[in-house]
file entry29.pdb (PDB, C-alpha atoms, pLDDT in the B column)
ATOM      1  CA  GLN A   1      52.730 -16.607  15.542  1.00 44.00           C
ATOM      2  CA  GLY A   2      51.619 -18.195  12.309  1.00 47.00           C
ATOM      3  CA  LYS A   3      48.368 -19.963  11.647  1.00 46.00           C
ATOM      4  CA  GLU A   4      49.950 -23.363  12.095  1.00 47.00           C
ATOM      5  CA  ASP A   5      51.415 -22.862  15.591  1.00 48.00           C
ATOM      6  CA  ALA A   6      48.786 -20.489  17.040  1.00 46.00           C
ATOM      7  CA  VAL A   7      47.517 -21.777  20.366  1.00 46.00           C
ATOM      8  CA  LEU A   8      43.741 -21.651  20.595  1.00 47.00           C
ATOM      9  CA  TYR A   9      41.529 -22.410  23.548  1.00 48.00           C
ATOM     10  CA  ARG A  10      39.989 -25.315  21.698  1.00 53.00           C
ATOM     11  CA  PRO A  11      42.447 -27.114  19.408  1.00 51.00           C
ATOM     12  CA  GLU A  12      39.671 -28.258  17.071  1.00 52.00           C
ATOM     13  CA  PHE A  13      39.048 -24.636  16.003  1.00 53.00           C
ATOM     14  CA  LYS A  14      40.896 -23.726  12.812  1.00 55.00           C
ATOM     15  CA  TYR A  15      41.398 -20.509  10.948  1.00 52.00           C
ATOM     16  CA  ASP A  16      39.042 -19.768   8.091  1.00 56.00           C
ATOM     17  CA  GLN A  17      41.497 -19.778   5.208  1.00 53.00           C
ATOM     18  CA  GLU A  18      39.094 -17.969   2.909  1.00 58.00           C
ATOM     19  CA  LYS A  19      38.777 -14.837   5.064  1.00 59.00           C
ATOM     20  CA  LYS A  20      41.548 -12.255   5.087  1.00 59.00           C
ATOM     21  CA  GLY A  21      42.632 -10.417   8.216  1.00 62.00           C
ATOM     22  CA  THR A  22      41.175 -12.943  10.653  1.00 69.00           C
ATOM     23  CA  GLU A  23      44.513 -13.833  12.242  1.00 77.00           C
ATOM     24  CA  LYS A  24      44.677 -10.547  14.141  1.00 77.00           C
ATOM     25  CA  MET A  25      41.109 -11.059  15.341  1.00 79.00           C
ATOM     26  CA  TRP A  26      42.022 -14.536  16.580  1.00 77.00           C
ATOM     27  CA  GLU A  27      45.024 -13.103  18.397  1.00 80.00           C
ATOM     28  CA  LEU A  28      43.005 -10.344  20.053  1.00 79.00           C
ATOM     29  CA  MET A  29      40.167 -12.702  21.040  1.00 80.00           C
ATOM     30  CA  SER A  30      42.344 -15.587  22.230  1.00 81.00           C
ATOM     31  CA  SER A  31      42.222 -14.590  25.902  1.00 86.00           C
ATOM     32  CA  TYR A  32      39.296 -15.082  28.261  1.00 91.00           C
ATOM     33  CA  LEU A  33      37.884 -13.024  31.086  1.00 93.00           C
ATOM     34  CA  GLY A  34      39.283 -13.897  34.479  1.00 93.00           C
ATOM     35  CA  THR A  35      37.227 -15.330  37.312  1.00 93.00           C
ATOM     36  CA  ASP A  36      39.393 -14.112  40.177  1.00 95.00           C
ATOM     37  CA  ARG A  37      38.109 -11.471  42.582  1.00 95.00           C
ATOM     38  CA  GLN A  38      40.005  -8.555  41.089  1.00 96.00           C
ATOM     39  CA  SER A  39      39.047  -9.378  37.483  1.00 96.00           C
ATOM     40  CA  ILE A  40      35.371  -9.645  38.384  1.00 97.00           C
ATOM     41  CA  GLN A  41      35.422  -6.436  40.398  1.00 96.00           C
ATOM     42  CA  ARG A  42      37.201  -4.502  37.648  1.00 96.00           C
ATOM     43  CA  GLN A  43      34.695  -5.609  35.041  1.00 96.00           C
ATOM     44  CA  VAL A  44      31.699  -4.836  37.256  1.00 96.00           C
ATOM     45  CA  VAL A  45      33.045  -1.330  37.861  1.00 95.00           C
ATOM     46  CA  ASN A  46      33.720  -0.897  34.131  1.00 95.00           C
ATOM     47  CA  HIS A  47      30.092  -1.718  33.369  1.00 96.00           C
ATOM     48  CA  VAL A  48      28.929   0.702  36.059  1.00 94.00           C
ATOM     49  CA  GLU A  49      30.890   3.524  34.446  1.00 93.00           C
ATOM     50  CA  TYR A  50      30.856   2.720  30.732  1.00 95.00           C
ATOM     51  CA  THR A  51      27.677   0.679  30.183  1.00 95.00           C
ATOM     52  CA  LEU A  52      25.363   2.281  32.756  1.00 94.00           C
ATOM     53  CA  ALA A  53      27.101   5.699  32.787  1.00 93.00           C
ATOM     54  CA  ARG A  54      26.824   5.839  36.582  1.00 91.00           C
ATOM     55  CA  THR A  55      29.281   7.162  39.146  1.00 86.00           C
ATOM     56  CA  ARG A  56      30.613   5.788  42.413  1.00 81.00           C
ATOM     57  CA  PHE A  57      28.056   8.016  44.158  1.00 83.00           C
ATOM     58  CA  ASP A  58      25.132   6.444  42.299  1.00 81.00           C
ATOM     59  CA  PHE A  59      25.787   2.749  42.721  1.00 86.00           C
ATOM     60  CA  ASP A  60      22.756   1.177  44.400  1.00 92.00           C
ATOM     61  CA  ASN A  61      21.622  -2.456  44.389  1.00 94.00           C
ATOM     62  CA  LYS A  62      19.868  -2.059  41.049  1.00 93.00           C
ATOM     63  CA  ALA A  63      23.013  -0.704  39.400  1.00 93.00           C
ATOM     64  CA  ALA A  64      25.086  -3.404  41.078  1.00 95.00           C
ATOM     65  CA  TYR A  65      22.737  -6.079  39.723  1.00 96.00           C
ATOM     66  CA  GLN A  66      22.827  -4.661  36.193  1.00 96.00           C
ATOM     67  CA  ALA A  67      26.608  -4.320  36.171  1.00 96.00           C
ATOM     68  CA  ALA A  68      27.096  -7.813  37.602  1.00 97.00           C
ATOM     69  CA  ALA A  69      24.595  -9.224  35.099  1.00 97.00           C
ATOM     70  CA  TYR A  70      26.482  -7.677  32.187  1.00 97.00           C
ATOM     71  CA  SER A  71      29.704  -9.130  33.603  1.00 97.00           C
ATOM     72  CA  VAL A  72      28.187 -12.604  33.754  1.00 97.00           C
ATOM     73  CA  ARG A  73      26.736 -12.160  30.268  1.00 97.00           C
ATOM     74  CA  ASP A  74      30.193 -11.318  28.913  1.00 97.00           C
ATOM     75  CA  ARG A  75      31.441 -14.690  30.126  1.00 96.00           C
ATOM     76  CA  LEU A  76      28.389 -16.455  28.711  1.00 95.00           C
ATOM     77  CA  ILE A  77      29.098 -14.846  25.333  1.00 95.00           C
ATOM     78  CA  GLU A  78      32.607 -16.300  25.365  1.00 93.00           C
ATOM     79  CA  SER A  79      31.204 -19.791  25.931  1.00 92.00           C
ATOM     80  CA  TRP A  80      28.406 -19.128  23.440  1.00 92.00           C
ATOM     81  CA  ASN A  81      30.832 -18.147  20.677  1.00 91.00           C
ATOM     82  CA  ASP A  82      33.093 -21.130  21.378  1.00 91.00           C
ATOM     83  CA  THR A  83      30.105 -23.479  21.285  1.00 91.00           C
ATOM     84  CA  GLN A  84      28.712 -22.046  18.043  1.00 90.00           C
ATOM     85  CA  GLN A  85      32.146 -22.178  16.425  1.00 89.00           C
ATOM     86  CA  TYR A  86      32.595 -25.798  17.492  1.00 91.00           C
ATOM     87  CA  HIS A  87      29.256 -26.938  16.080  1.00 92.00           C
ATOM     88  CA  HIS A  88      29.858 -24.930  12.905  1.00 90.00           C
ATOM     89  CA  HIS A  89      33.102 -26.778  12.228  1.00 91.00           C
ATOM     90  CA  GLN A  90      31.573 -30.113  13.220  1.00 91.00           C
ATOM     91  CA  ASP A  91      28.643 -29.426  10.876  1.00 93.00           C
ATOM     92  CA  SER A  92      26.363 -30.616  13.683  1.00 93.00           C
ATOM     93  CA  LYS A  93      22.684 -31.203  13.218  1.00 95.00           C
ATOM     94  CA  ARG A  94      20.576 -29.016  15.492  1.00 95.00           C
ATOM     95  CA  VAL A  95      17.237 -29.192  17.259  1.00 96.00           C
ATOM     96  CA  TYR A  96      14.922 -26.187  16.895  1.00 96.00           C
ATOM     97  CA  TYR A  97      12.249 -25.979  19.578  1.00 96.00           C
ATOM     98  CA  LEU A  98       9.356 -23.602  18.876  1.00 95.00           C
ATOM     99  CA  SER A  99       7.003 -22.571  21.666  1.00 95.00           C
ATOM    100  CA  LEU A 100       4.566 -19.725  22.269  1.00 94.00           C
ATOM    101  CA  GLU A 101       5.748 -19.612  25.880  1.00 94.00           C
ATOM    102  CA  PHE A 102       9.002 -20.010  27.802  1.00 94.00           C
ATOM    103  CA  LEU A 103       9.164 -19.743  31.590  1.00 92.00           C
ATOM    104  CA  MET A 104      12.926 -19.828  32.119  1.00 90.00           C
ATOM    105  CA  GLY A 105      12.919 -18.167  35.529  1.00 89.00           C
ATOM    106  CA  ARG A 106      15.471 -15.586  36.602  1.00 92.00           C
ATOM    107  CA  THR A 107      18.641 -15.723  34.561  1.00 95.00           C
ATOM    108  CA  PHE A 108      21.208 -14.193  36.928  1.00 97.00           C
ATOM    109  CA  GLN A 109      21.412 -16.903  39.573  1.00 95.00           C
ATOM    110  CA  ASN A 110      20.801 -19.662  37.043  1.00 94.00           C
ATOM    111  CA  ALA A 111      23.725 -18.497  34.907  1.00 95.00           C
ATOM    112  CA  LEU A 112      26.039 -18.151  37.894  1.00 96.00           C
ATOM    113  CA  VAL A 113      25.273 -21.646  39.174  1.00 95.00           C
ATOM    114  CA  ASN A 114      25.536 -23.344  35.781  1.00 92.00           C
ATOM    115  CA  SER A 115      28.823 -21.569  35.040  1.00 93.00           C
ATOM    116  CA  ASP A 116      30.346 -22.365  38.455  1.00 95.00           C
ATOM    117  CA  LEU A 117      30.672 -18.632  39.078  1.00 96.00           C
ATOM    118  CA  GLU A 118      28.348 -18.123  42.035  1.00 97.00           C
ATOM    119  CA  GLY A 119      31.157 -18.417  44.582  1.00 96.00           C
ATOM    120  CA  PRO A 120      33.622 -16.068  42.827  1.00 96.00           C
ATOM    121  CA  PHE A 121      30.940 -13.420  42.169  1.00 97.00           C
ATOM    122  CA  LYS A 122      29.588 -13.649  45.710  1.00 97.00           C
ATOM    123  CA  ASP A 123      33.079 -13.148  47.113  1.00 97.00           C
ATOM    124  CA  ALA A 124      33.899 -10.267  44.730  1.00 97.00           C
ATOM    125  CA  LEU A 125      30.628  -8.419  45.335  1.00 96.00           C
ATOM    126  CA  MET A 126      30.741  -8.935  49.090  1.00 96.00           C
ATOM    127  CA  ASP A 127      34.175  -7.335  49.129  1.00 96.00           C
ATOM    128  CA  MET A 128      32.570  -4.341  47.375  1.00 94.00           C
ATOM    129  CA  GLY A 129      29.809  -4.141  49.995  1.00 94.00           C
ATOM    130  CA  TYR A 130      26.994  -5.973  48.176  1.00 95.00           C
ATOM    131  CA  GLN A 131      25.165  -9.168  49.050  1.00 96.00           C
ATOM    132  CA  LEU A 132      24.566 -11.440  46.077  1.00 95.00           C
ATOM    133  CA  GLU A 133      21.169 -12.465  47.464  1.00 95.00           C
ATOM    134  CA  ASP A 134      20.048  -8.813  47.454  1.00 96.00           C
ATOM    135  CA  LEU A 135      21.025  -8.507  43.793  1.00 96.00           C
ATOM    136  CA  PHE A 136      19.043 -11.625  42.887  1.00 96.00           C
ATOM    137  CA  ASP A 137      15.902  -9.809  44.079  1.00 95.00           C
ATOM    138  CA  GLN A 138      16.525  -6.974  41.614  1.00 95.00           C
ATOM    139  CA  GLU A 139      15.832  -9.163  38.587  1.00 95.00           C
ATOM    140  CA  THR A 140      12.346  -9.338  37.109  1.00 91.00           C
ATOM    141  CA  ASP A 141      11.164 -12.668  35.755  1.00 89.00           C
ATOM    142  CA  ALA A 142      11.068 -12.702  31.961  1.00 90.00           C
ATOM    143  CA  ALA A 143       7.349 -12.562  31.144  1.00 88.00           C
ATOM    144  CA  LEU A 144       7.501 -14.919  28.198  1.00 91.00           C
ATOM    145  CA  GLY A 145       4.848 -17.337  29.392  1.00 85.00           C
ATOM    146  CA  ASN A 146       2.198 -17.928  32.008  1.00 81.00           C
ATOM    147  CA  GLY A 147       1.538 -21.610  32.490  1.00 81.00           C
ATOM    148  CA  GLY A 148       2.462 -25.223  32.020  1.00 88.00           C
ATOM    149  CA  LEU A 149       3.389 -24.779  28.369  1.00 92.00           C
ATOM    150  CA  GLY A 150       6.116 -22.288  29.269  1.00 93.00           C
ATOM    151  CA  ARG A 151       7.427 -24.399  32.126  1.00 93.00           C
ATOM    152  CA  LEU A 152       7.528 -27.504  29.897  1.00 95.00           C
ATOM    153  CA  ALA A 153       9.438 -25.587  27.230  1.00 95.00           C
ATOM    154  CA  ALA A 154      11.977 -24.430  29.818  1.00 94.00           C
ATOM    155  CA  CYS A 155      12.438 -28.008  31.037  1.00 94.00           C
ATOM    156  CA  PHE A 156      13.047 -29.190  27.478  1.00 95.00           C
ATOM    157  CA  ILE A 157      15.652 -26.477  26.908  1.00 94.00           C
ATOM    158  CA  ASP A 158      17.435 -27.332  30.172  1.00 93.00           C
ATOM    159  CA  SER A 159      17.385 -31.030  29.284  1.00 95.00           C
ATOM    160  CA  LEU A 160      18.805 -30.391  25.816  1.00 95.00           C
ATOM    161  CA  ALA A 161      21.626 -28.361  27.348  1.00 92.00           C
ATOM    162  CA  THR A 162      22.322 -31.027  29.973  1.00 92.00           C
ATOM    163  CA  LEU A 163      22.505 -33.709  27.277  1.00 95.00           C
ATOM    164  CA  GLU A 164      24.802 -31.442  25.191  1.00 92.00           C
ATOM    165  CA  ILE A 165      22.426 -31.555  22.234  1.00 94.00           C
ATOM    166  CA  PRO A 166      22.851 -28.545  19.903  1.00 95.00           C
ATOM    167  CA  ALA A 167      19.522 -26.774  20.164  1.00 95.00           C
ATOM    168  CA  TRP A 168      17.818 -23.409  19.797  1.00 94.00           C
ATOM    169  CA  GLY A 169      14.598 -22.271  21.404  1.00 94.00           C
ATOM    170  CA  TYR A 170      12.380 -19.921  19.403  1.00 93.00           C
ATOM    171  CA  GLY A 171       9.572 -17.994  21.041  1.00 92.00           C
ATOM    172  CA  ILE A 172       7.831 -14.639  21.162  1.00 91.00           C
ATOM    173  CA  ARG A 173       9.271 -11.632  22.994  1.00 90.00           C
ATOM    174  CA  TYR A 174       6.142 -10.269  24.626  1.00 90.00           C
ATOM    175  CA  ASP A 175       6.644  -6.575  25.419  1.00 90.00           C
ATOM    176  CA  TYR A 176       4.052  -6.686  28.217  1.00 89.00           C
ATOM    177  CA  GLY A 177       4.040 -10.359  29.036  1.00 84.00           C
ATOM    178  CA  ILE A 178       0.912 -12.425  28.569  1.00 80.00           C
ATOM    179  CA  PHE A 179      -0.716 -10.889  31.645  1.00 82.00           C
ATOM    180  CA  LYS A 180      -0.111 -10.318  35.339  1.00 82.00           C
ATOM    181  CA  GLN A 181      -2.667 -11.352  37.915  1.00 85.00           C
ATOM    182  CA  GLN A 182      -3.882  -9.181  40.778  1.00 89.00           C
ATOM    183  CA  ILE A 183      -6.729  -9.396  43.268  1.00 93.00           C
ATOM    184  CA  LYS A 184      -8.994  -6.324  43.468  1.00 91.00           C
ATOM    185  CA  ASP A 185     -12.263  -6.240  45.387  1.00 91.00           C
ATOM    186  CA  ASN A 186     -11.977 -10.002  45.952  1.00 93.00           C
ATOM    187  CA  GLU A 187     -11.803 -10.637  42.233  1.00 93.00           C
ATOM    188  CA  GLN A 188      -8.952 -11.694  39.975  1.00 92.00           C
ATOM    189  CA  VAL A 189      -8.013  -9.114  37.361  1.00 92.00           C
ATOM    190  CA  GLU A 190      -5.416  -9.206  34.610  1.00 90.00           C
ATOM    191  CA  ILE A 191      -3.068  -6.313  33.823  1.00 88.00           C
ATOM    192  CA  PRO A 192      -0.035  -5.941  31.527  1.00 89.00           C
ATOM    193  CA  ASP A 193       3.256  -7.254  32.898  1.00 88.00           C
ATOM    194  CA  PHE A 194       5.740  -4.403  32.443  1.00 89.00           C
ATOM    195  CA  TRP A 195       8.767  -6.664  32.790  1.00 91.00           C
ATOM    196  CA  LEU A 196      10.961  -4.580  30.456  1.00 92.00           C
ATOM    197  CA  ASN A 197      10.556  -1.272  32.302  1.00 89.00           C
ATOM    198  CA  ASN A 198      14.101  -1.437  33.678  1.00 88.00           C
ATOM    199  CA  GLY A 199      15.680  -3.021  30.617  1.00 90.00           C
ATOM    200  CA  ASN A 200      16.913  -6.567  30.207  1.00 94.00           C
ATOM    201  CA  PRO A 201      20.681  -7.156  30.316  1.00 95.00           C
ATOM    202  CA  TRP A 202      20.289 -10.750  29.126  1.00 95.00           C
ATOM    203  CA  GLU A 203      19.115 -10.052  25.593  1.00 93.00           C
ATOM    204  CA  ILE A 204      21.091  -8.935  22.552  1.00 92.00           C
ATOM    205  CA  GLU A 205      19.255  -7.163  19.765  1.00 88.00           C
ATOM    206  CA  ARG A 206      20.058  -8.574  16.322  1.00 88.00           C
ATOM    207  CA  GLN A 207      18.916  -5.883  13.930  1.00 88.00           C
ATOM    208  CA  ASP A 208      20.510  -7.742  11.024  1.00 89.00           C
ATOM    209  CA  VAL A 209      18.351 -10.828  11.629  1.00 84.00           C
ATOM    210  CA  THR A 210      14.705 -10.116  10.780  1.00 81.00           C
ATOM    211  CA  TYR A 211      11.912 -12.122   9.211  1.00 77.00           C
ATOM    212  CA  GLN A 212       8.812 -10.904   7.384  1.00 80.00           C
TER
END

call {"tool": "encode", "arguments": {"input": "entry29.pdb", "output": "structure tokens"}}
result
Amino acid sequence: QGKEDAVLYRPEFKYDQEKKGTEKMWELMSSYLGTDRQSIQRQVVNHVEYTLARTRFDFDNKAAYQAAAYSVRDRLIESWNDTQQYHHHQDSKRVYYLSLEFLMGRTFQNALVNSDLEGPFKDALMDMGYQLEDLFDQETDAALGNGGLGRLAACFIDSLATLEIPAWGYGIRYDYGIFKQQIKDNEQVEIPDFWLNNGNPWEIERQDVTYQ
């Protein structure tokens, strides 16, 4: 297929004529991950073996959550790349929202619902012997905020997405959260929130993007 008659997922996307060798990349990246039971199951198992380096004998709820989360993230990346490419070619203006806190809640269920994938993943995982609700409980809330400021920021981000306004949210990745509250001897005490102890499948490290 030549550049002129190549079928792309979004017809408004065009080849970058200035870059050499991109046609093969377009060809290889022109397909999308399936949402049928078998496709989801195969990708979950692939992440268990190749991402988590686990075996079929070491596949508990935590591993199932992580593998399923990576599988959902893969599909989000496809949509993410399409969206960024679209706005790049449209030369869209963007909104940049800066906040010291973001309380986005748990990503797994939120991503499944907003991507219309909760049903297919529930069916695929149930067929493998796992309850989706049990996997939801494996996720730790991202400790990126602690109060109304973080909740307001999350509401703004959700609203911008709902209104299809190109927007980015910039915040601080707190290694130990702001603090976690506990009651000891009838008094409130604050301790670090070790929310990253088990890793975070929803973030992608960009070592090439740093700021002094």

call {"tool": "atom_distance", "arguments": {"input": "entry29.pdb", "atom1": "CA of Ser79 (chain A)", "atom2": "CA of Gln138 (chain A)"}}
result
25.0 Å

call {"tool": "residues_near_point", "arguments": {"input": "entry29.pdb", "point": "(32.2, -8.4, 38.0)", "cutoff": "8 Å", "atoms": "all atoms listed in the file", "output": "number ranges by chain"}}
result
A: 39-45, 67-68, 71-72, 121, 124-125

call {"tool": "atom_distance", "arguments": {"input": "entry29.pdb", "atom1": "CA of Ala142 (chain A)", "atom2": "CA of Leu103 (chain A)"}}
result
7.3 Å

call {"tool": "closest_residue", "arguments": {"input": "entry29.pdb", "among": "A:Tyr32, A:Tyr65, A:Tyr86, A:Trp195", "to": "Tyr174 (chain A)", "atoms": "only C-alpha atoms"}}
result
A:Trp195

call {"tool": "resolve_selection", "arguments": {"input": "entry29.pdb", "expression": "the PyMOL selection byres ((chain A and resi 117) around 12)", "output": "ChimeraX atom specification"}}
result
/A:34-37,40,68-69,71-73,75-76,108-116,118-125,132

call {"tool": "atom_distance", "arguments": {"input": "entry29.pdb", "atom1": "CA of Leu163 (chain A)", "atom2": "CA of Met104 (chain A)"}}
result
17.5 Å

call {"tool": "closest_residue", "arguments": {"input": "entry29.pdb", "among": "A:Asn186, A:Asn61, A:Ser159, A:Thr210", "to": "Leu135 (chain A)", "atoms": "all atoms listed in the file"}}
result
A:Asn61

call {"tool": "closest_residue", "arguments": {"input": "entry29.pdb", "among": "A:Met29, A:Ala64, A:Cys155, A:Val189", "to": "Asn46 (chain A)", "atoms": "all atoms listed in the file"}}
result
A:Ala64

call {"tool": "resolve_selection", "arguments": {"input": "entry29.pdb", "expression": "the PyMOL selection byres ((chain A and resi 95) around 12)", "output": "list of chain:residue names"}}
result
A:Ser92, A:Lys93, A:Arg94, A:Tyr96, A:Tyr97, A:Leu98, A:Phe156, A:Ile157, A:Leu160, A:Ala161, A:Glu164, A:Ile165, A:Pro166, A:Ala167, A:Trp168, A:Gly169, A:Tyr170

call {"tool": "closest_residue", "arguments": {"input": "entry29.pdb", "among": "A:Leu28, A:Gly171, A:His89, A:Tyr70", "to": "Leu52 (chain A)", "atoms": "all atoms listed in the file"}}
result
A:Tyr70

call {"tool": "decode", "arguments": {"input": "entry29.pdb", "residues": "region 78-87 of chain A", "atoms": "all heavy atoms", "output": "short mmCIF file (atom, residue, chain, number, x, y, z; two decimals), in the first residue's frame"}}
result
data_model
loop_
_atom_site.label_atom_id
_atom_site.label_comp_id
_atom_site.auth_asym_id
_atom_site.auth_seq_id
_atom_site.Cartn_x
_atom_site.Cartn_y
_atom_site.Cartn_z
N GLU A 78 -3.30 3.40 23.19
CA GLU A 78 -3.75 3.51 21.80
C GLU A 78 -4.62 4.75 21.61
O GLU A 78 -4.43 5.53 20.66
CB GLU A 78 -4.53 2.26 21.40
CG GLU A 78 -3.67 1.01 21.26
CD GLU A 78 -4.47 -0.20 20.84
OE1 GLU A 78 -5.71 -0.22 21.07
OE2 GLU A 78 -3.87 -1.12 20.27
N SER A 79 -5.59 4.93 22.50
CA SER A 79 -6.47 6.10 22.42
C SER A 79 -5.68 7.38 22.66
O SER A 79 -5.93 8.41 22.02
CB SER A 79 -7.61 5.98 23.43
OG SER A 79 -8.42 4.86 23.14
N TRP A 80 -4.76 7.32 23.62
CA TRP A 80 -3.92 8.48 23.94
C TRP A 80 -3.13 8.93 22.71
O TRP A 80 -3.12 10.11 22.35
CB TRP A 80 -2.98 8.12 25.08
CG TRP A 80 -1.86 9.07 25.33
CD1 TRP A 80 -0.62 9.04 24.76
CD2 TRP A 80 -1.86 10.22 26.19
NE1 TRP A 80 0.15 10.08 25.22
CE2 TRP A 80 -0.59 10.82 26.09
CE3 TRP A 80 -2.82 10.78 27.02
CZ2 TRP A 80 -0.26 11.96 26.81
CZ3 TRP A 80 -2.47 11.92 27.73
CH2 TRP A 80 -1.21 12.49 27.63
N ASN A 81 -2.48 8.00 22.05
CA ASN A 81 -1.66 8.34 20.88
C ASN A 81 -2.52 8.88 19.75
O ASN A 81 -2.13 9.84 19.07
CB ASN A 81 -0.88 7.11 20.40
CG ASN A 81 0.29 6.78 21.32
OD1 ASN A 81 0.78 7.64 22.04
ND2 ASN A 81 0.72 5.54 21.30
N ASP A 82 -3.69 8.27 19.52
CA ASP A 82 -4.59 8.78 18.49
C ASP A 82 -5.02 10.22 18.81
O ASP A 82 -5.07 11.08 17.93
CB ASP A 82 -5.84 7.90 18.39
CG ASP A 82 -5.57 6.64 17.58
OD1 ASP A 82 -4.47 6.52 17.02
OD2 ASP A 82 -6.47 5.77 17.52
N THR A 83 -5.36 10.44 20.07
CA THR A 83 -5.83 11.78 20.48
C THR A 83 -4.73 12.81 20.32
O THR A 83 -4.96 13.92 19.79
CB THR A 83 -6.30 11.74 21.95
OG1 THR A 83 -7.35 10.79 22.09
CG2 THR A 83 -6.79 13.11 22.39
N GLN A 84 -3.51 12.49 20.78
CA GLN A 84 -2.40 13.44 20.65
C GLN A 84 -2.08 13.72 19.19
O GLN A 84 -1.81 14.86 18.81
CB GLN A 84 -1.16 12.90 21.36
CG GLN A 84 -1.34 12.68 22.85
CD GLN A 84 -1.93 13.88 23.55
OE1 GLN A 84 -1.49 15.02 23.38
NE2 GLN A 84 -2.97 13.65 24.36
N GLN A 85 -2.13 12.68 18.35
CA GLN A 85 -1.86 12.86 16.93
C GLN A 85 -2.91 13.75 16.28
O GLN A 85 -2.62 14.62 15.46
CB GLN A 85 -1.82 11.50 16.24
CG GLN A 85 -1.36 11.53 14.79
CD GLN A 85 0.15 11.69 14.69
OE1 GLN A 85 0.84 11.73 15.70
NE2 GLN A 85 0.65 11.81 13.47
N TYR A 86 -4.16 13.55 16.67
CA TYR A 86 -5.26 14.36 16.12
C TYR A 86 -5.07 15.83 16.46
O TYR A 86 -5.14 16.70 15.59
CB TYR A 86 -6.60 13.85 16.66
CG TYR A 86 -7.77 14.73 16.28
CD1 TYR A 86 -8.33 14.66 15.01
CD2 TYR A 86 -8.29 15.65 17.18
CE1 TYR A 86 -9.40 15.47 14.65
CE2 TYR A 86 -9.36 16.46 16.84
CZ TYR A 86 -9.90 16.37 15.57
OH TYR A 86 -10.94 17.18 15.22
N HIS A 87 -4.82 16.13 17.74
CA HIS A 87 -4.68 17.52 18.14
C HIS A 87 -3.40 18.14 17.58
O HIS A 87 -3.35 19.35 17.33
CB HIS A 87 -4.69 17.63 19.67
CG HIS A 87 -6.05 17.36 20.26
ND1 HIS A 87 -7.18 18.05 19.87
CD2 HIS A 87 -6.46 16.46 21.20
CE1 HIS A 87 -8.22 17.61 20.54
NE2 HIS A 87 -7.81 16.64 21.35
#
